[in-house]
Every structure is written in structure tokens, then in C-alpha cells.
Amino acid sequence: MRVLITGAEGQDGHYLTAALRDRGHQTVGTALHQDSLAAGSAAEVTLDVTDRNATQALVAAVAPDAIVHLAAISNVPFAAEHPELAREVNVTGLVNILDAVRACGSAIQVVNASSVEVFAPNDGLINEESPLGGISVYAQTKQEALTLARTSDVAVANMLMSNHESPLRTTAFVTGKIA
């Protein structure tokens, strides 16, 4: 299987790429900036998912069986400071991925990284049927992308991720600042 991984230079992309390669899959990882393609990075090519034409061209060139869409503005304070950019990356980026899949006319499986923060706060357990109601700008953009994915004519699986850490997590995130 050939898998295109957007945002492969991040924590999740790094570990996912390694796991897929260990299982014999071919991967092509993307990073936003050229300097993220350093030795040891899971990213091999640059891609700005907000660039519709570049996204379509890369998906056509790679011809993946699956796309794991991890590229996002996931730092909550940064998203709050730059709400337009967060929406452009987190929502329009997914729109461009889905449009690229449609343009290829093939049955590419798409996995969209979402967040449990899309759900309205409550005192109990949440599941996929819990009411949506993200509070932060980050959560609202992820909620919009989740809704888009759920209603798309392209087959999309949504990963509802919660806070998770590793030695690769940068100090830009709150847990790194605390530690």
C-alpha cells in the first residue's frame, strides 16, 4: 500500500511513517517547509495543503492508496492568535485533499486527524454521537472539518485524537512548557 501522509514532520507523522514502513508499506510524507526535510525526518516533499493546485498535483503524482491528513494548526494558543490561518489550514486543507481525491477519480481512502475537543464540554464520557460544540478556535476549525468529512462524498475516516505526548513534542505545546 502507498500512503501519503500530510504533516509527516510532526510527532504523529514521524511515528506513523515508521510504523507503516515497518509493515512494508510505501510512504510519502509532506512538510510545510523545505528545512523540515532534514535527515531523519519522516517528510520527503513539501506541501502547503492550503494550495489547491499543489495538493492536486502531489496527490496525482504520488497516486496513493490512502492519505492520512495530519497537517494542521494544532497549537491551541497559536490558533487563537491566528484564527484565519487556522481555518485555512484545518478546513481548507481538508477541502483541498478531498478535491484532489475527486480529481484523481480513484478510490483513495482518506483518514482525517480530528480532535476530541470538537465535542461540547460535559461531565460524562464522550463518543462519536456526543454533541459537537468545540470552544477554542482550534476546536471550532476541527469541528468544521469533521462535519465536512462526515458529509463528504469521499470516504473519510476521522481519527478523534486526544492529548498525547512523546519526546518529539515541542515546547510550543503546554505540556512541554510545564515539563
# chains A, B, ... in the order shown; residues from 1 in each chain; ligands from 1
>>> select_by_dssp(residues="chain A", states="strand (DSSP E)", output="VMD selection string")
chain A and resid 2 to 6 26 to 31 45 to 46 66 to 69 109 to 115 156 to 161
>>> select_by_dssp(residues="chain A", states="helix (DSSP H, G or I)", output="ChimeraX atom specification")
/A:11-22,34-37,52-62,76-81,83-104,116-118,137-151,174-178
>>> closest_residue(among="A:His25, A:His69, A:Arg87, A:His82", to="Ile5 (chain A)", atoms="only C-alpha atoms")
A:His69
>>> residues_around(residues="Arg52 (chain A)", least_positions_apart="5", cutoff="12 Å", atoms="only C-alpha atoms", output="short mmCIF file (atom, residue, chain, number, x, y, z; two decimals) with N, CA and C atoms, in the first residue's frame")
data_model
loop_
_atom_site.label_atom_id
_atom_site.label_comp_id
_atom_site.auth_asym_id
_atom_site.auth_seq_id
_atom_site.Cartn_x
_atom_site.Cartn_y
_atom_site.Cartn_z
N LEU A 47 4.66 20.50 0.98
CA LEU A 47 3.29 20.72 0.53
C LEU A 47 2.61 21.69 1.47
N ALA A 57 -1.74 18.32 -7.56
CA ALA A 57 -0.59 17.82 -8.32
C ALA A 57 0.15 16.73 -7.55
N LEU A 58 0.33 16.93 -6.24
CA LEU A 58 1.04 15.93 -5.46
C LEU A 58 0.25 14.63 -5.34
N VAL A 59 -1.04 14.74 -5.09
CA VAL A 59 -1.87 13.53 -4.98
C VAL A 59 -1.84 12.77 -6.31
N GLU A 88 -7.89 28.25 7.48
CA GLU A 88 -7.35 27.95 6.14
C GLU A 88 -6.65 26.59 6.13
N VAL A 89 -5.82 26.34 7.14
CA VAL A 89 -5.08 25.09 7.18
C VAL A 89 -5.99 23.92 7.58
N THR A 92 -9.75 24.37 4.97
CA THR A 92 -9.47 24.43 3.54
C THR A 92 -8.47 23.36 3.14
N GLY A 93 -7.52 23.05 4.01
CA GLY A 93 -6.58 21.97 3.72
C GLY A 93 -7.30 20.66 3.46
N LEU A 94 -8.31 20.33 4.29
CA LEU A 94 -9.08 19.11 4.07
C LEU A 94 -9.90 19.21 2.79
N VAL A 95 -10.50 20.37 2.54
CA VAL A 95 -11.25 20.57 1.28
C VAL A 95 -10.34 20.26 0.09
N ASN A 96 -9.11 20.76 0.13
CA ASN A 96 -8.18 20.54 -0.98
C ASN A 96 -7.79 19.07 -1.12
N ILE A 97 -7.63 18.37 0.00
CA ILE A 97 -7.35 16.93 -0.05
C ILE A 97 -8.52 16.20 -0.70
N LEU A 98 -9.73 16.50 -0.27
CA LEU A 98 -10.91 15.83 -0.82
C LEU A 98 -11.09 16.15 -2.30
N ASP A 99 -10.86 17.40 -2.69
CA ASP A 99 -10.94 17.77 -4.11
C ASP A 99 -9.90 17.02 -4.93
N ALA A 100 -8.71 16.85 -4.38
CA ALA A 100 -7.65 16.12 -5.09
C ALA A 100 -8.03 14.66 -5.28
N VAL A 101 -8.65 14.07 -4.27
CA VAL A 101 -9.11 12.68 -4.39
C VAL A 101 -10.16 12.57 -5.49
N ALA A 103 -10.55 14.54 -8.04
CA ALA A 103 -9.90 14.80 -9.33
C ALA A 103 -9.16 13.57 -9.85
#
>>> residues_around(residues="Ser115 (chain A)", least_positions_apart="4", cutoff="9 Å", atoms="only C-alpha atoms", output="tab-separated table (two decimals) with all heavy atoms, in the first residue's frame")
chain	number	residue	atom	x	y	z
A	119	PHE	N	-16.10	18.21	20.68
A	119	PHE	CA	-17.33	17.92	21.41
A	119	PHE	C	-17.59	18.96	22.49
A	119	PHE	O	-16.66	19.52	23.07
A	119	PHE	CB	-17.27	16.52	22.02
A	119	PHE	CG	-17.15	15.45	20.99
A	119	PHE	CD1	-15.97	14.77	20.80
A	119	PHE	CD2	-18.23	15.14	20.17
A	119	PHE	CE1	-15.85	13.80	19.82
A	119	PHE	CE2	-18.14	14.16	19.18
A	119	PHE	CZ	-16.94	13.49	19.01
A	139	ALA	N	-10.58	24.02	18.18
A	139	ALA	CA	-11.67	23.05	18.23
A	139	ALA	C	-12.75	23.37	17.20
A	139	ALA	O	-13.29	22.46	16.56
A	139	ALA	CB	-12.28	23.02	19.63
A	142	LYS	N	-11.52	22.31	13.78
A	142	LYS	CA	-11.54	20.85	13.68
A	142	LYS	C	-12.97	20.33	13.59
A	142	LYS	O	-13.25	19.34	12.92
A	142	LYS	CB	-10.80	20.22	14.87
A	142	LYS	CG	-9.29	20.33	14.74
A	142	LYS	CD	-8.80	19.59	13.51
A	142	LYS	CE	-7.33	19.40	13.48
A	142	LYS	NZ	-6.89	18.57	12.35
A	143	GLN	N	-13.90	21.01	14.28
A	143	GLN	CA	-15.31	20.63	14.20
A	143	GLN	C	-15.84	20.86	12.78
A	143	GLN	O	-16.57	20.02	12.24
A	143	GLN	CB	-16.11	21.45	15.21
A	143	GLN	CG	-17.59	21.16	15.18
A	143	GLN	CD	-18.34	21.98	16.22
A	143	GLN	OE1	-17.85	22.22	17.32
A	143	GLN	NE2	-19.54	22.41	15.87
A	146	LEU	N	-14.45	18.14	10.63
A	146	LEU	CA	-15.12	16.87	10.95
A	146	LEU	C	-16.48	16.80	10.27
A	146	LEU	O	-16.84	15.78	9.66
A	146	LEU	CB	-15.27	16.72	12.46
A	146	LEU	CG	-16.06	15.50	12.95
A	146	LEU	CD1	-15.24	14.24	12.79
A	146	LEU	CD2	-16.49	15.69	14.39
A	158	ASN	N	-12.47	9.55	10.37
A	158	ASN	CA	-11.98	10.60	11.26
A	158	ASN	C	-11.34	9.99	12.49
A	158	ASN	O	-11.96	9.18	13.17
A	158	ASN	CB	-13.13	11.51	11.69
A	158	ASN	CG	-13.60	12.39	10.57
A	158	ASN	OD1	-12.88	13.26	10.12
A	158	ASN	ND2	-14.82	12.14	10.10
A	159	MET	N	-10.10	10.38	12.75
A	159	MET	CA	-9.43	9.99	13.99
A	159	MET	C	-9.76	11.05	15.03
A	159	MET	O	-9.44	12.22	14.82
A	159	MET	CB	-7.91	9.96	13.83
A	159	MET	CG	-7.37	8.89	12.96
A	159	MET	SD	-5.56	8.83	13.02
A	159	MET	CE	-5.10	10.37	12.23
A	160	LEU	N	-10.40	10.66	16.09
A	160	LEU	CA	-10.72	11.60	17.16
A	160	LEU	C	-9.63	11.49	18.22
A	160	LEU	O	-9.70	10.65	19.11
A	160	LEU	CB	-12.11	11.30	17.73
A	160	LEU	CG	-13.23	11.52	16.73
A	160	LEU	CD1	-14.54	10.94	17.23
A	160	LEU	CD2	-13.37	13.01	16.43
A	161	MET	N	-8.64	12.34	18.08
A	161	MET	CA	-7.45	12.24	18.92
A	161	MET	C	-7.58	13.11	20.16
A	161	MET	O	-8.19	14.18	20.12
A	161	MET	CB	-6.24	12.65	18.08
A	161	MET	CG	-6.06	11.77	16.85
A	161	MET	SD	-4.94	12.42	15.62
A	161	MET	CE	-3.38	12.20	16.42
A	162	SER	N	-7.02	12.63	21.25
A	162	SER	CA	-6.94	13.43	22.48
A	162	SER	C	-5.47	13.76	22.72
A	162	SER	O	-4.59	13.32	21.99
A	162	SER	CB	-7.54	12.66	23.66
A	162	SER	OG	-6.86	11.45	23.85
A	163	ASN	N	-5.22	14.54	23.74
A	163	ASN	CA	-3.85	14.96	24.03
A	163	ASN	C	-2.95	13.74	24.16
A	163	ASN	O	-3.28	12.78	24.86
A	163	ASN	CB	-3.84	15.78	25.33
A	163	ASN	CG	-2.53	16.50	25.51
A	163	ASN	OD1	-1.88	16.88	24.54
A	163	ASN	ND2	-2.14	16.70	26.75
>>> residues_around(residues="Ala155 (chain A)", least_positions_apart="3", cutoff="9 Å", atoms="only C-alpha atoms", output="PyMOL selection string")
chain A and resi 107-111+149-150+152
>>> atom_distance(atom1="CA of Ser74 (chain A)", atom2="CA of Thr50 (chain A)")
15.2 Å
>>> atom_distance(atom1="CA of Val154 (chain A)", atom2="CA of Leu32 (chain A)")
24.4 Å
>>> residues_around(residues="Ala31 (chain A)", least_positions_apart="4", cutoff="8 Å", atoms="only C-alpha atoms", output="ChimeraX atom specification")
/A:6-9,36-37,43-48
>>> residues_around(residues="Ala63 (chain A)", least_positions_apart="6", cutoff="9 Å", atoms="only C-alpha atoms", output="MDAnalysis selection string")
chainID A and resid 2:4 104 106 108
>>> closest_atom_pairs(of="region 28-145 of chain A", to="region 13-18 of chain A", cutoff="9 Å", atoms="only C-alpha atoms", output="JSON lines")
{"residue": "A:Val28", "atom": "CA", "partner": "A:Thr17", "partner_atom": "CA", "distance": 8.5}
{"residue": "A:Gly29", "atom": "CA", "partner": "A:Thr17", "partner_atom": "CA", "distance": 7.6}
{"residue": "A:Ser41", "atom": "CA", "partner": "A:His14", "partner_atom": "CA", "distance": 7.1}
{"residue": "A:Ala42", "atom": "CA", "partner": "A:His14", "partner_atom": "CA", "distance": 5.2}
{"residue": "A:Ala43", "atom": "CA", "partner": "A:His14", "partner_atom": "CA", "distance": 8.1}
{"residue": "A:Val68", "atom": "CA", "partner": "A:Gly13", "partner_atom": "CA", "distance": 8.8}
{"residue": "A:Leu70", "atom": "CA", "partner": "A:Gly13", "partner_atom": "CA", "distance": 7.0}
{"residue": "A:Ala71", "atom": "CA", "partner": "A:Gly13", "partner_atom": "CA", "distance": 8.9}
>>> write_last_selection(atoms="all heavy atoms", output="compact mmCIF listing (two decimals), in the first residue's frame")
# COMPACT_ATOMS: atom_id res chain seq x y z
N VAL A 28 4.91 8.43 1.54
CA VAL A 28 5.42 9.72 1.08
C VAL A 28 4.90 10.73 2.09
O VAL A 28 3.70 10.92 2.24
CB VAL A 28 4.93 10.07 -0.34
CG1 VAL A 28 5.39 11.46 -0.74
CG2 VAL A 28 5.40 9.02 -1.35
N GLY A 29 5.83 11.34 2.80
CA GLY A 29 5.46 12.30 3.83
C GLY A 29 5.69 13.72 3.38
O GLY A 29 6.64 14.00 2.65
N SER A 41 13.93 13.02 9.14
CA SER A 41 12.54 13.46 9.10
C SER A 41 11.70 12.44 8.34
O SER A 41 12.18 11.80 7.40
CB SER A 41 12.43 14.82 8.42
OG SER A 41 11.08 15.16 8.20
N ALA A 42 10.45 12.30 8.73
CA ALA A 42 9.54 11.41 8.01
C ALA A 42 9.03 12.08 6.74
O ALA A 42 8.44 11.43 5.88
CB ALA A 42 8.36 11.03 8.90
N ALA A 43 9.27 13.38 6.61
CA ALA A 43 8.80 14.13 5.44
C ALA A 43 9.84 14.08 4.33
O ALA A 43 11.04 14.16 4.58
CB ALA A 43 8.52 15.57 5.82
N VAL A 68 -3.31 10.01 4.84
CA VAL A 68 -3.53 10.32 6.25
C VAL A 68 -3.23 11.80 6.39
O VAL A 68 -2.08 12.24 6.24
CB VAL A 68 -2.64 9.47 7.18
CG1 VAL A 68 -2.90 9.84 8.64
CG2 VAL A 68 -2.89 7.99 6.95
N LEU A 70 -2.64 14.74 8.43
CA LEU A 70 -2.25 15.21 9.76
C LEU A 70 -1.90 16.69 9.78
O LEU A 70 -1.85 17.29 10.85
CB LEU A 70 -1.02 14.42 10.25
CG LEU A 70 -1.18 12.90 10.40
CD1 LEU A 70 0.17 12.28 10.75
CD2 LEU A 70 -2.22 12.56 11.43
N ALA A 71 -1.63 17.28 8.62
CA ALA A 71 -1.21 18.68 8.57
C ALA A 71 -2.29 19.56 9.19
O ALA A 71 -3.45 19.49 8.80
CB ALA A 71 -0.95 19.10 7.12
>>> closest_residue(among="A:Thr147, A:Gln34, A:Asn90, A:Asn127", to="Asn75 (chain A)", atoms="only C-alpha atoms")
A:Asn90
>>> atom_distance(atom1="CA of Asn112 (chain A)", atom2="CA of Pro77 (chain A)")
21.6 Å
